[in-house]
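Q: Contents of target_0.cif (mmCIF, C-alpha atoms):
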data_entry
#
loop_
_atom_site.group_PDB
_atom_site.id
_atom_site.type_symbol
_atom_site.label_atom_id
_atom_site.label_comp_id
_atom_site.auth_asym_id
_atom_site.auth_seq_id
_atom_site.Cartn_x
_atom_site.Cartn_y
_atom_site.Cartn_z
ATOM 1 C CA LEU A 1 78.432 88.308 84.037
ATOM 2 C CA TYR A 2 76.271 91.386 84.775
ATOM 3 C CA VAL A 3 77.047 93.257 88.005
ATOM 4 C CA ALA A 4 75.186 96.327 89.280
ATOM 5 C CA SER A 5 76.150 97.873 92.585
ATOM 6 C CA VAL A 6 75.598 100.671 95.042
ATOM 7 C CA GLY A 7 79.230 101.159 96.037
ATOM 8 C CA TYR A 8 82.454 99.804 94.572
ATOM 9 C CA VAL A 9 82.827 96.103 93.728
ATOM 10 C CA GLU A 10 85.660 93.791 92.740
ATOM 11 C CA VAL A 11 84.496 90.609 91.022
ATOM 12 C CA SER A 12 86.318 87.284 90.733
ATOM 13 C CA ILE A 13 85.634 83.838 89.329
ATOM 14 C CA ASN A 14 87.466 80.895 90.902
ATOM 15 C CA GLY A 15 89.929 83.267 92.520
ATOM 16 C CA GLN A 16 90.698 85.145 89.280
ATOM 17 C CA ARG A 17 89.636 88.766 88.807
ATOM 18 C CA ALA A 18 87.047 89.356 86.106
ATOM 19 C CA THR A 19 88.650 92.671 85.070
ATOM 20 C CA GLU A 20 91.726 94.819 85.672
ATOM 21 C CA ALA A 21 89.451 97.836 86.193
ATOM 22 C CA VAL A 22 89.329 99.240 89.741
ATOM 23 C CA LEU A 23 86.879 101.392 91.690
ATOM 24 C CA THR A 24 83.961 100.178 89.594
ATOM 25 C CA PRO A 25 81.311 101.164 88.732
ATOM 26 C CA SER A 26 81.619 104.831 87.841
ATOM 27 C CA ILE A 27 79.882 107.476 89.926
ATOM 28 C CA SER A 28 76.164 108.098 89.420
ATOM 29 C CA TYR A 29 73.449 109.803 91.476
ATOM 30 C CA LEU A 30 72.635 106.648 93.426
ATOM 31 C CA PRO A 31 69.176 107.601 94.733
ATOM 32 C CA LYS A 32 68.051 107.704 91.087
ATOM 33 C CA ARG A 33 70.428 105.595 88.979
ATOM 34 C CA VAL A 34 72.557 102.477 89.573
ATOM 35 C CA LEU A 35 75.182 101.459 87.022
ATOM 36 C CA TYR A 36 76.112 97.969 85.894
ATOM 37 C CA ASN A 37 79.109 96.478 84.108
ATOM 38 C CA VAL A 38 79.295 93.393 81.891
ATOM 39 C CA TYR A 39 82.210 90.935 81.888
ATOM 40 C CA ASP A 40 82.970 87.998 79.621
ATOM 41 C CA VAL A 41 83.976 85.348 82.165
ATOM 42 C CA SER A 42 83.785 82.305 79.891
ATOM 43 C CA SER A 43 87.569 81.775 80.077
ATOM 44 C CA LEU A 44 87.442 81.769 83.897
ATOM 45 C CA LEU A 45 84.715 79.139 84.244
ATOM 46 C CA ARG A 46 85.511 75.435 84.574
ATOM 47 C CA SER A 47 83.353 73.283 82.340
ATOM 48 C CA GLY A 48 81.791 70.302 84.102
ATOM 49 C CA ASP A 49 83.079 71.380 87.511
ATOM 50 C CA ASP A 50 82.034 73.581 90.408
ATOM 51 C CA ASN A 51 82.716 77.306 90.096
ATOM 52 C CA ALA A 52 82.874 80.094 92.659
ATOM 53 C CA ILE A 53 81.827 83.715 92.169
ATOM 54 C CA GLY A 54 83.354 86.224 94.582
ATOM 55 C CA ILE A 55 82.138 89.801 94.991
ATOM 56 C CA TRP A 56 84.171 92.141 97.204
ATOM 57 C CA ALA A 57 82.090 95.241 97.927
ATOM 58 C CA ALA A 58 82.470 98.601 99.689
ATOM 59 C CA ALA A 59 79.990 101.435 100.246
ATOM 60 C CA ALA A 60 82.285 104.246 98.957
ATOM 61 C CA TRP A 61 80.266 107.105 97.381
ATOM 62 C CA ALA A 62 77.018 105.692 98.794
ATOM 63 C CA THR A 63 77.939 107.260 102.159
ATOM 64 C CA TYR A 64 78.343 110.752 100.645
ATOM 65 C CA PRO A 65 75.724 113.126 102.163
ATOM 66 C CA ASP A 66 74.230 114.124 98.800
ATOM 67 C CA MET A 67 73.503 110.451 98.090
ATOM 68 C CA GLN A 68 71.157 110.125 101.088
ATOM 69 C CA HIS A 69 68.177 111.885 99.474
ATOM 70 C CA LEU A 70 65.110 109.609 99.348
ATOM 71 C CA LYS A 71 67.044 106.440 100.286
ATOM 72 C CA ASN A 72 69.225 105.955 103.358
ATOM 73 C CA LEU A 73 72.082 104.398 101.436
ATOM 74 C CA ALA A 74 74.631 104.758 104.218
ATOM 75 C CA LYS A 75 72.829 102.112 106.301
ATOM 76 C CA THR A 76 72.316 99.557 103.523
ATOM 77 C CA ALA A 77 75.287 99.924 101.148
ATOM 78 C CA PRO A 78 77.083 98.183 99.672
ATOM 79 C CA LEU A 79 74.332 96.563 97.609
ATOM 80 C CA VAL A 80 74.968 94.202 94.703
ATOM 81 C CA LEU A 81 72.807 92.715 91.970
ATOM 82 C CA ALA A 82 74.521 90.131 89.732
ATOM 83 C CA GLU A 83 73.717 87.377 87.306
ATOM 84 C CA ILE A 84 75.470 85.170 84.782
ATOM 85 C CA ARG A 85 73.728 84.870 81.457
ATOM 86 C CA VAL A 86 74.300 82.247 78.781
ATOM 87 C CA ASP A 87 72.653 82.924 75.411
ATOM 88 C CA GLY A 88 70.546 85.598 77.087
ATOM 89 C CA GLU A 89 69.258 83.313 79.842
ATOM 90 C CA ALA A 90 70.182 83.941 83.488
ATOM 91 C CA ILE A 91 71.611 80.725 84.961
ATOM 92 C CA VAL A 92 72.994 82.162 88.222
ATOM 93 C CA ALA A 93 71.770 85.238 90.102
ATOM 94 C CA THR A 94 72.291 86.867 93.482
ATOM 95 C CA SER A 95 69.759 85.802 96.117
ATOM 96 C CA ALA A 96 69.400 84.992 99.807
ATOM 97 C CA SER A 97 71.133 81.662 99.090
ATOM 98 C CA TRP A 98 74.459 83.480 98.622
ATOM 99 C CA LYS A 99 76.843 83.635 101.589
ATOM 100 C CA CYS A 100 78.580 86.740 102.906
ATOM 101 C CA ARG A 101 80.803 87.984 105.723
ATOM 102 C CA GLY A 102 82.491 91.196 106.791
ATOM 103 C CA SER A 103 85.580 92.143 104.805
ATOM 104 C CA PHE A 104 89.081 92.389 106.237
ATOM 105 C CA VAL A 105 89.361 95.704 104.339
ATOM 106 C CA LEU A 106 87.253 98.303 106.133
ATOM 107 C CA HIS A 107 86.675 102.003 105.623
ATOM 108 C CA VAL A 108 88.388 104.265 108.156
ATOM 109 C CA GLY A 109 87.908 107.994 108.669
ATOM 110 C CA GLY A 110 84.133 108.405 108.712
ATOM 111 C CA PRO A 111 81.682 108.670 105.783
ATOM 112 C CA TRP A 112 82.759 110.250 102.510
ATOM 113 C CA GLY A 113 81.981 113.956 102.501
ATOM 114 C CA PRO A 114 83.205 117.468 101.686
ATOM 115 C CA GLY A 115 85.463 117.456 104.764
ATOM 116 C CA GLY A 116 87.243 114.211 103.997
ATOM 117 C CA PHE A 117 87.107 110.788 102.444
ATOM 118 C CA GLY A 118 89.039 108.555 104.820
ATOM 119 C CA GLY A 119 90.756 105.480 103.424
ATOM 120 C CA ASP A 120 91.285 101.736 103.733
ATOM 121 C CA ALA A 121 92.015 99.808 106.935
ATOM 122 C CA ILE A 122 93.328 96.262 106.493
ATOM 123 C CA ASP A 123 92.878 93.874 109.400
ATOM 124 C CA ASP A 124 95.161 90.957 108.549
ATOM 125 C CA ARG A 125 93.703 88.961 111.447
ATOM 126 C CA LEU A 126 90.469 88.591 109.442
ATOM 127 C CA ALA A 127 92.028 87.675 106.079
ATOM 128 C CA ILE A 128 90.846 84.388 104.548
ATOM 129 C CA LYS A 129 93.037 82.772 101.919
ATOM 130 C CA GLY A 130 91.008 81.501 98.965
ATOM 131 C CA TRP A 131 87.787 83.153 100.126
ATOM 132 C CA ASP A 132 86.594 83.393 96.492
ATOM 133 C CA SER A 133 87.531 79.850 95.456
ATOM 134 C CA VAL A 134 85.765 76.495 95.328
ATOM 135 C CA GLY A 135 86.377 74.444 98.452
ATOM 136 C CA LEU A 136 86.044 77.281 100.945
ATOM 137 C CA ASP A 137 84.305 76.265 104.162
ATOM 138 C CA ASP A 138 81.631 78.964 104.378
ATOM 139 C CA SER A 139 79.566 77.228 107.057
ATOM 140 C CA SER A 140 80.175 80.142 109.445
ATOM 141 C CA TRP A 141 79.190 82.752 106.862
ATOM 142 C CA SER A 142 75.793 84.456 106.960
ATOM 143 C CA ALA A 143 73.091 84.311 104.329
ATOM 144 C CA ALA A 144 72.924 87.414 102.167
ATOM 145 C CA THR A 145 70.223 89.941 103.010
ATOM 146 C CA THR A 146 67.920 90.809 100.129
ATOM 147 C CA TYR A 147 66.408 94.242 99.483
ATOM 148 C CA ASP A 148 63.738 93.388 96.939
ATOM 149 C CA THR A 149 62.001 96.754 97.144
ATOM 150 C CA TYR A 150 65.157 98.827 96.907
ATOM 151 C CA LEU A 151 65.157 99.062 93.110
ATOM 152 C CA SER A 152 61.691 100.599 93.088
ATOM 153 C CA GLY A 153 61.940 103.922 91.274
ATOM 154 C CA LEU A 154 65.580 103.408 90.303
ATOM 155 C CA VAL A 155 67.003 103.170 86.800
ATOM 156 C CA LEU A 156 69.562 100.468 85.987
ATOM 157 C CA SER A 157 71.954 101.759 83.325
ATOM 158 C CA ALA A 158 75.069 100.431 81.627
ATOM 159 C CA ASP A 159 78.288 102.035 82.855
ATOM 160 C CA LEU A 160 79.495 103.766 79.670
ATOM 161 C CA VAL A 161 82.438 105.623 81.232
ATOM 162 C CA GLN A 162 85.888 104.311 80.372
ATOM 163 C CA PRO A 163 86.972 102.195 83.362
ATOM 164 C CA THR A 164 89.471 103.346 85.961
ATOM 165 C CA VAL A 165 92.721 101.382 85.816
ATOM 166 C CA ARG A 166 96.021 101.291 87.658
ATOM 167 C CA LEU A 167 98.845 102.669 85.494
ATOM 168 C CA MET A 168 101.404 99.897 85.913
ATOM 169 C CA ALA A 169 103.860 101.262 83.336
ATOM 170 C CA SER A 170 104.583 104.448 85.270
ATOM 171 C CA LYS A 171 104.926 103.727 88.976
ATOM 172 C CA VAL A 172 105.578 106.562 91.431
ATOM 173 C CA LEU A 173 108.630 105.859 93.579
ATOM 174 C CA CYS A 174 109.450 106.906 97.112
ATOM 175 C CA LYS A 175 112.018 109.733 96.971
ATOM 176 C CA SER A 176 113.050 109.847 100.614
ATOM 177 C CA ILE A 177 112.378 108.472 104.095
ATOM 178 C CA GLN A 178 112.774 110.667 107.176
ATOM 179 C CA ARG A 179 112.823 109.321 110.727
ATOM 180 C CA LEU A 180 110.443 111.390 112.901
ATOM 181 C CA ASN A 181 110.750 109.449 116.155
ATOM 182 C CA ALA A 182 111.245 105.871 117.339
ATOM 183 C CA THR A 183 107.899 104.687 115.926
ATOM 184 C CA SER A 184 107.190 107.141 113.065
ATOM 185 C CA ILE A 185 108.656 107.975 109.653
ATOM 186 C CA LEU A 186 107.796 110.351 106.808
ATOM 187 C CA LEU A 187 107.703 109.061 103.227
ATOM 188 C CA THR A 188 108.066 111.582 100.388
ATOM 189 C CA MET A 189 106.981 110.420 96.938
ATOM 190 C CA GLN A 190 108.766 111.648 93.825
ATOM 191 C CA GLU A 191 105.756 113.719 92.708
ATOM 192 C CA VAL A 192 102.157 114.570 93.502
ATOM 193 C CA TYR A 193 99.712 112.091 91.978
ATOM 194 C CA THR A 194 96.172 110.790 92.363
ATOM 195 C CA GLY A 195 95.769 107.112 93.085
ATOM 196 C CA TRP A 196 97.021 104.420 95.426
ATOM 197 C CA PHE A 197 100.115 103.448 97.347
ATOM 198 C CA GLU A 198 101.267 100.134 98.741
ATOM 199 C CA VAL A 199 103.859 99.316 101.398
ATOM 200 C CA GLU A 200 105.596 95.933 101.486
ATOM 201 C CA ASN A 201 107.624 94.242 104.228
ATOM 202 C CA LEU A 202 105.706 95.678 107.161
ATOM 203 C CA ILE A 203 106.830 94.121 110.452
ATOM 204 C CA GLY A 204 105.231 94.482 113.870
ATOM 205 C CA PRO A 205 103.856 92.624 116.899
ATOM 206 C CA PRO A 206 100.559 90.785 116.286
ATOM 207 C CA ASN A 207 97.411 92.834 116.991
ATOM 208 C CA THR A 208 99.230 96.165 116.682
ATOM 209 C CA THR A 209 98.283 98.768 114.062
ATOM 210 C CA VAL A 210 100.382 100.892 111.718
ATOM 211 C CA ARG A 211 98.669 104.044 110.409
ATOM 212 C CA PHE A 212 99.280 106.052 107.251
ATOM 213 C CA HIS A 213 98.272 109.732 107.002
ATOM 214 C CA VAL A 214 98.460 111.400 103.600
ATOM 215 C CA SER A 215 98.870 114.997 102.395
ATOM 216 C CA THR A 216 100.207 117.060 99.497
ATOM 217 C CA THR A 217 101.567 119.867 101.669
ATOM 218 C CA ALA A 218 104.972 119.750 103.332
ATOM 219 C CA GLY A 219 104.655 119.985 107.106
ATOM 220 C CA VAL A 220 100.995 118.905 107.116
ATOM 221 C CA THR A 221 100.406 115.371 108.374
ATOM 222 C CA MET A 222 96.956 114.795 106.873
ATOM 223 C CA GLU A 223 94.548 116.591 104.532
ATOM 224 C CA PHE A 224 90.882 115.827 103.798
ATOM 225 C CA GLY A 225 90.827 112.891 106.205
ATOM 226 C CA MET A 226 93.144 110.836 103.983
ATOM 227 C CA MET A 227 94.149 108.033 106.349
ATOM 228 C CA ASN A 228 94.761 104.297 106.189
ATOM 229 C CA ALA A 229 95.742 101.512 108.567
ATOM 230 C CA PHE A 230 97.184 97.991 108.730
ATOM 231 C CA THR A 231 96.642 95.689 111.726
ATOM 232 C CA PHE A 232 99.054 92.774 112.042
ATOM 233 C CA GLY A 233 97.799 89.224 112.241
ATOM 234 C CA PRO A 234 99.535 86.296 113.978
ATOM 235 C CA ARG A 235 102.419 86.315 111.469
ATOM 236 C CA GLY A 236 103.554 89.790 112.505
ATOM 237 C CA ASN A 237 104.229 90.886 108.927
ATOM 238 C CA GLY A 238 102.327 91.868 105.816
ATOM 239 C CA MET A 239 101.685 94.339 103.032
ATOM 240 C CA PHE A 240 99.348 97.327 102.952
ATOM 241 C CA SER A 241 97.664 98.044 99.615
ATOM 242 C CA MET A 242 94.750 100.380 98.900
ATOM 243 C CA ARG A 243 91.606 98.949 97.334
ATOM 244 C CA PHE A 244 88.346 100.896 97.786
ATOM 245 C CA SER A 245 89.468 104.508 98.190
ATOM 246 C CA TYR A 246 91.965 106.853 96.544
ATOM 247 C CA HIS A 247 94.046 109.868 97.522
ATOM 248 C CA GLU A 248 96.017 112.795 96.181
ATOM 249 C CA ILE A 249 99.447 111.816 97.442
ATOM 250 C CA GLU A 250 102.900 113.269 98.027
ATOM 251 C CA PHE A 251 103.665 112.873 101.738
ATOM 252 C CA ILE A 252 102.812 109.778 103.813
ATOM 253 C CA THR A 253 103.347 109.877 107.581
ATOM 254 C CA VAL A 254 103.653 106.358 109.002
ATOM 255 C CA THR A 255 102.996 105.922 112.733
ATOM 256 C CA GLY A 256 102.726 102.954 115.058
ATOM 257 C CA LEU A 257 105.806 101.115 113.798
ATOM 258 C CA ALA A 258 107.627 98.841 116.194
ATOM 259 C CA PRO A 259 110.422 100.829 117.907
ATOM 260 C CA ASN A 260 113.230 101.685 115.472
ATOM 261 C CA VAL A 261 111.702 99.554 112.681
ATOM 262 C CA SER A 262 111.935 101.382 109.378
ATOM 263 C CA LEU A 263 111.206 100.831 105.702
ATOM 264 C CA ARG A 264 113.298 100.955 102.564
ATOM 265 C CA ALA A 265 112.345 103.233 99.680
ATOM 266 C CA GLY A 266 111.879 100.115 97.569
ATOM 267 C CA ASP A 267 109.153 98.895 99.913
ATOM 268 C CA VAL A 268 106.893 101.802 98.899
ATOM 269 C CA THR A 269 105.226 102.084 95.487
ATOM 270 C CA GLY A 270 102.673 104.564 94.192
ATOM 271 C CA TYR A 271 100.202 103.882 91.387
ATOM 272 C CA ARG A 272 98.390 106.510 89.359
ATOM 273 C CA LEU A 273 94.742 105.749 88.736
ATOM 274 C CA HIS A 274 93.237 107.077 85.512
ATOM 275 C CA ASN A 275 90.469 106.523 83.019
ATOM 276 C CA ASN A 276 91.481 103.948 80.434
ATOM 277 C CA LEU A 277 91.212 106.280 77.455
ATOM 278 C CA THR A 278 92.801 105.566 74.084
ATOM 279 C CA ARG A 279 95.074 108.363 72.919
ATOM 280 C CA THR A 280 94.592 109.196 69.246
ATOM 281 C CA GLY A 281 96.879 112.214 68.793
ATOM 282 C CA ARG A 282 99.501 114.507 70.294
ATOM 283 C CA PHE A 283 100.310 118.199 70.275
ATOM 284 C CA ALA A 284 103.505 120.262 70.611
ATOM 285 C CA CYS A 285 104.533 123.740 69.549
ATOM 286 C CA SER A 286 107.385 126.228 69.869
ATOM 287 C CA SER A 287 105.843 127.716 73.019
ATOM 288 C CA THR A 288 106.902 125.766 76.104
ATOM 289 C CA LEU A 289 104.054 127.326 78.084
ATOM 290 C CA ILE A 290 101.319 126.264 75.647
ATOM 291 C CA THR A 291 102.780 122.762 75.395
ATOM 292 C CA LYS A 292 102.737 122.472 79.196
ATOM 293 C CA MET A 293 99.129 123.707 79.248
ATOM 294 C CA TYR A 294 98.223 120.970 76.778
ATOM 295 C CA ASP A 295 100.049 118.285 78.795
ATOM 296 C CA THR A 296 98.329 119.447 82.001
ATOM 297 C CA THR A 297 94.919 119.272 80.309
ATOM 298 C CA VAL A 298 95.625 115.721 79.102
ATOM 299 C CA ASN A 299 96.695 114.688 82.611
ATOM 300 C CA ASN A 300 93.474 116.139 84.034
ATOM 301 C CA TYR A 301 91.396 114.074 81.610
ATOM 302 C CA LEU A 302 93.323 110.947 82.525
ATOM 303 C CA GLY A 303 93.013 111.533 86.274
ATOM 304 C CA LEU A 304 90.072 110.766 88.514
#
Spit out the file's structure as structure tokens when you get a sec.

A:
Amino acid sequence: LYVASVGYVEVSINGQRATEAVLTPSISYLPKRVLYNVYDVSSLLRSGDDNAIGIWAAAAWATYPDMQHLKNLAKTAPLVLAEIRVDGEAIVATSASWKCRGSFVLHVGGPWGPGGFGGDAIDDRLAIKGWDSVGLDDSSWSAATTYDTYLSGLVLSADLVQPTVRLMASKVLCKSIQRLNATSILLTMQEVYTGWFEVENLIGPPNTTVRFHVSTTAGVTMEFGMMNAFTFGPRGNGMFSMRFSYHEIEFITVTGLAPNVSLRAGDVTGYRLHNNLTRTGRFACSSTLITKMYDTTVNNYLGL
């Protein structure tokens, strides 16, 4: 499966993700170059049966001001070009026959830019179970819009950067929870990190919204527009989990909770995101300072 995109994409076959990589593809100068990734999906396909390809897309870096030169990406992204090849021959490819609809994960906080990057807003009222599986009733979905002339003057290149992954072996825990008022709390993570956070066991009246503002400075509610939101559906409960943005995180201010509803530290989990590099060696010496400098450099290479 070949997938090129302007913006981030998450690809699935029959409800199963094609890769554990996140925030793909890597960043390129989108008015000139679009990157593609290749996935072996043979184990996910059902021989002799119908199959479903799901592509979850978000504009992400395409809304950054420096990406608007020559092509107005902010108004058209996300854009996706995909095809499945067998023995070099394309047997399925994106076209106007594909169906699409708005996602229940939206960007909040304005376009990406030097002043801020916003975050993810989940509207659980719009969630569709099994949206990327065979048997979905997509009769109300719209036909995909094609941009046949968009690729004119662009270069399609393989994404050669090691993929970004979620570091599952080293989760960041919530160190403390402070009650601010009847509907707000402050979460303090055990350390500063770059990546995602998720919050389980959210409870609230249907159609109400809980908001999450993120910073790395004590006493500051939000930095660089790092904000997120979760709107409750009819069930009145759910889980918030980031998907198409990332933050530098230590403090998370949660507002809009139902009166006197709180969270447990175990409901909050942080995940470092880093490039999936293979470590081939280590360094240590008698100087604690130099060893720390080395460890900091390694962490910088692993981070986003």

Q: Can you work out which one of A:Thr63, A:Ser184, A:Thr145, A:Ser139 has the shortest atom-to-atom distance to Leu263 in chain A, counting all atoms listed in the file?

A: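 Of A:Thr63, A:Ser184, A:Thr145, A:Ser139, the one nearest Leu263 in chain A is A:Ser184, counting all atoms listed in the file.
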
Q: Go ahead and compute the interatomic distance for CA of Ile55 in chain A and CA of Asp40 in chain A, in Å to one decimal.

A: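 Taking CA of Ile55 in chain A as the start and CA of Asp40 in chain A as the end point, the length is 15.5 Å.
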
Q: State, in Å with one decimal place, the distance from CA of Thr288 in chain A to CA of Asn276 in chain A.

A: 27.1 Å

Q: Given the file shown, determine the residues that the PyMOL selection byres ((chain A and resi 120) around 12) selects; report them as a PyMOL selection string.

A: chain A and resi 58-60+103-110+117-119+121-123+196-198+211-213+225-231+240-247

Q: Quote the spacing between CA of Val92 in chain A and CA of Asp137 in chain A in Å to one decimal place.

A: 20.4 Å

Q: For range 264-281 of chain A of the structure just presented, write N, CA, C and O atoms to a file, as a CSV table (one decimal), in the first residue's frame.

A:
chain,number,residue,atom,x,y,z
A,264,ARG,N,-8.7,10.3,38.8
A,264,ARG,CA,-7.6,9.7,39.6
A,264,ARG,C,-6.3,9.8,38.8
A,264,ARG,O,-6.3,9.9,37.6
A,265,ALA,N,-5.2,9.7,39.5
A,265,ALA,CA,-3.9,9.8,38.8
A,265,ALA,C,-3.8,8.7,37.8
A,265,ALA,O,-3.2,8.9,36.7
A,266,GLY,N,-4.3,7.5,38.1
A,266,GLY,CA,-4.3,6.4,37.2
A,266,GLY,C,-5.1,6.6,35.9
A,266,GLY,O,-4.9,5.8,35.0
A,267,ASP,N,-5.9,7.6,35.9
A,267,ASP,CA,-6.7,7.8,34.7
A,267,ASP,C,-5.9,8.6,33.6
A,267,ASP,O,-6.4,8.7,32.5
A,268,VAL,N,-4.8,9.1,34.0
A,268,VAL,CA,-4.0,10.0,33.1
A,268,VAL,C,-2.7,9.3,32.8
A,268,VAL,O,-1.9,8.9,33.7
A,269,THR,N,-2.4,9.2,31.5
A,269,THR,CA,-1.1,8.6,31.0
A,269,THR,C,-0.5,9.5,30.0
A,269,THR,O,-1.2,9.9,29.0
A,270,GLY,N,0.8,9.7,30.1
A,270,GLY,CA,1.6,10.4,29.1
A,270,GLY,C,2.4,9.5,28.2
A,270,GLY,O,2.9,8.4,28.7
A,271,TYR,N,2.6,9.8,27.0
A,271,TYR,CA,3.4,9.0,26.1
A,271,TYR,C,4.4,9.8,25.3
A,271,TYR,O,4.1,10.8,24.7
A,272,ARG,N,5.7,9.5,25.5
A,272,ARG,CA,6.7,10.2,24.7
A,272,ARG,C,6.6,9.7,23.2
A,272,ARG,O,6.4,8.6,22.9
A,273,LEU,N,6.8,10.7,22.3
A,273,LEU,CA,6.9,10.4,20.9
A,273,LEU,C,8.3,10.6,20.5
A,273,LEU,O,8.9,11.6,20.9
A,274,HIS,N,8.9,9.7,19.7
A,274,HIS,CA,10.2,9.8,19.3
A,274,HIS,C,10.5,9.1,18.0
A,274,HIS,O,9.7,8.2,17.6
A,275,ASN,N,11.5,9.4,17.3
A,275,ASN,CA,11.9,8.7,16.1
A,275,ASN,C,12.4,7.3,16.4
A,275,ASN,O,13.1,7.1,17.4
A,276,ASN,N,12.0,6.4,15.6
A,276,ASN,CA,12.2,5.0,15.9
A,276,ASN,C,13.6,4.6,15.5
A,276,ASN,O,13.8,3.8,14.6
A,277,LEU,N,14.6,5.1,16.1
A,277,LEU,CA,16.0,4.9,15.8
A,277,LEU,C,16.5,3.6,16.5
A,277,LEU,O,16.1,3.3,17.6
A,278,THR,N,17.4,2.9,15.9
A,278,THR,CA,18.1,1.8,16.5
A,278,THR,C,19.4,2.2,17.2
A,278,THR,O,20.3,2.8,16.6
A,279,ARG,N,19.5,2.0,18.5
A,279,ARG,CA,20.7,2.4,19.3
A,279,ARG,C,21.7,1.3,19.1
A,279,ARG,O,21.5,0.1,19.3
A,280,THR,N,22.9,1.8,18.7
A,280,THR,CA,24.0,0.8,18.4
A,280,THR,C,25.2,1.0,19.4
A,280,THR,O,26.1,0.2,19.3
A,281,GLY,N,25.1,1.9,20.3
A,281,GLY,CA,26.2,2.0,21.3
A,281,GLY,C,25.8,2.9,22.4
A,281,GLY,O,24.7,3.5,22.4
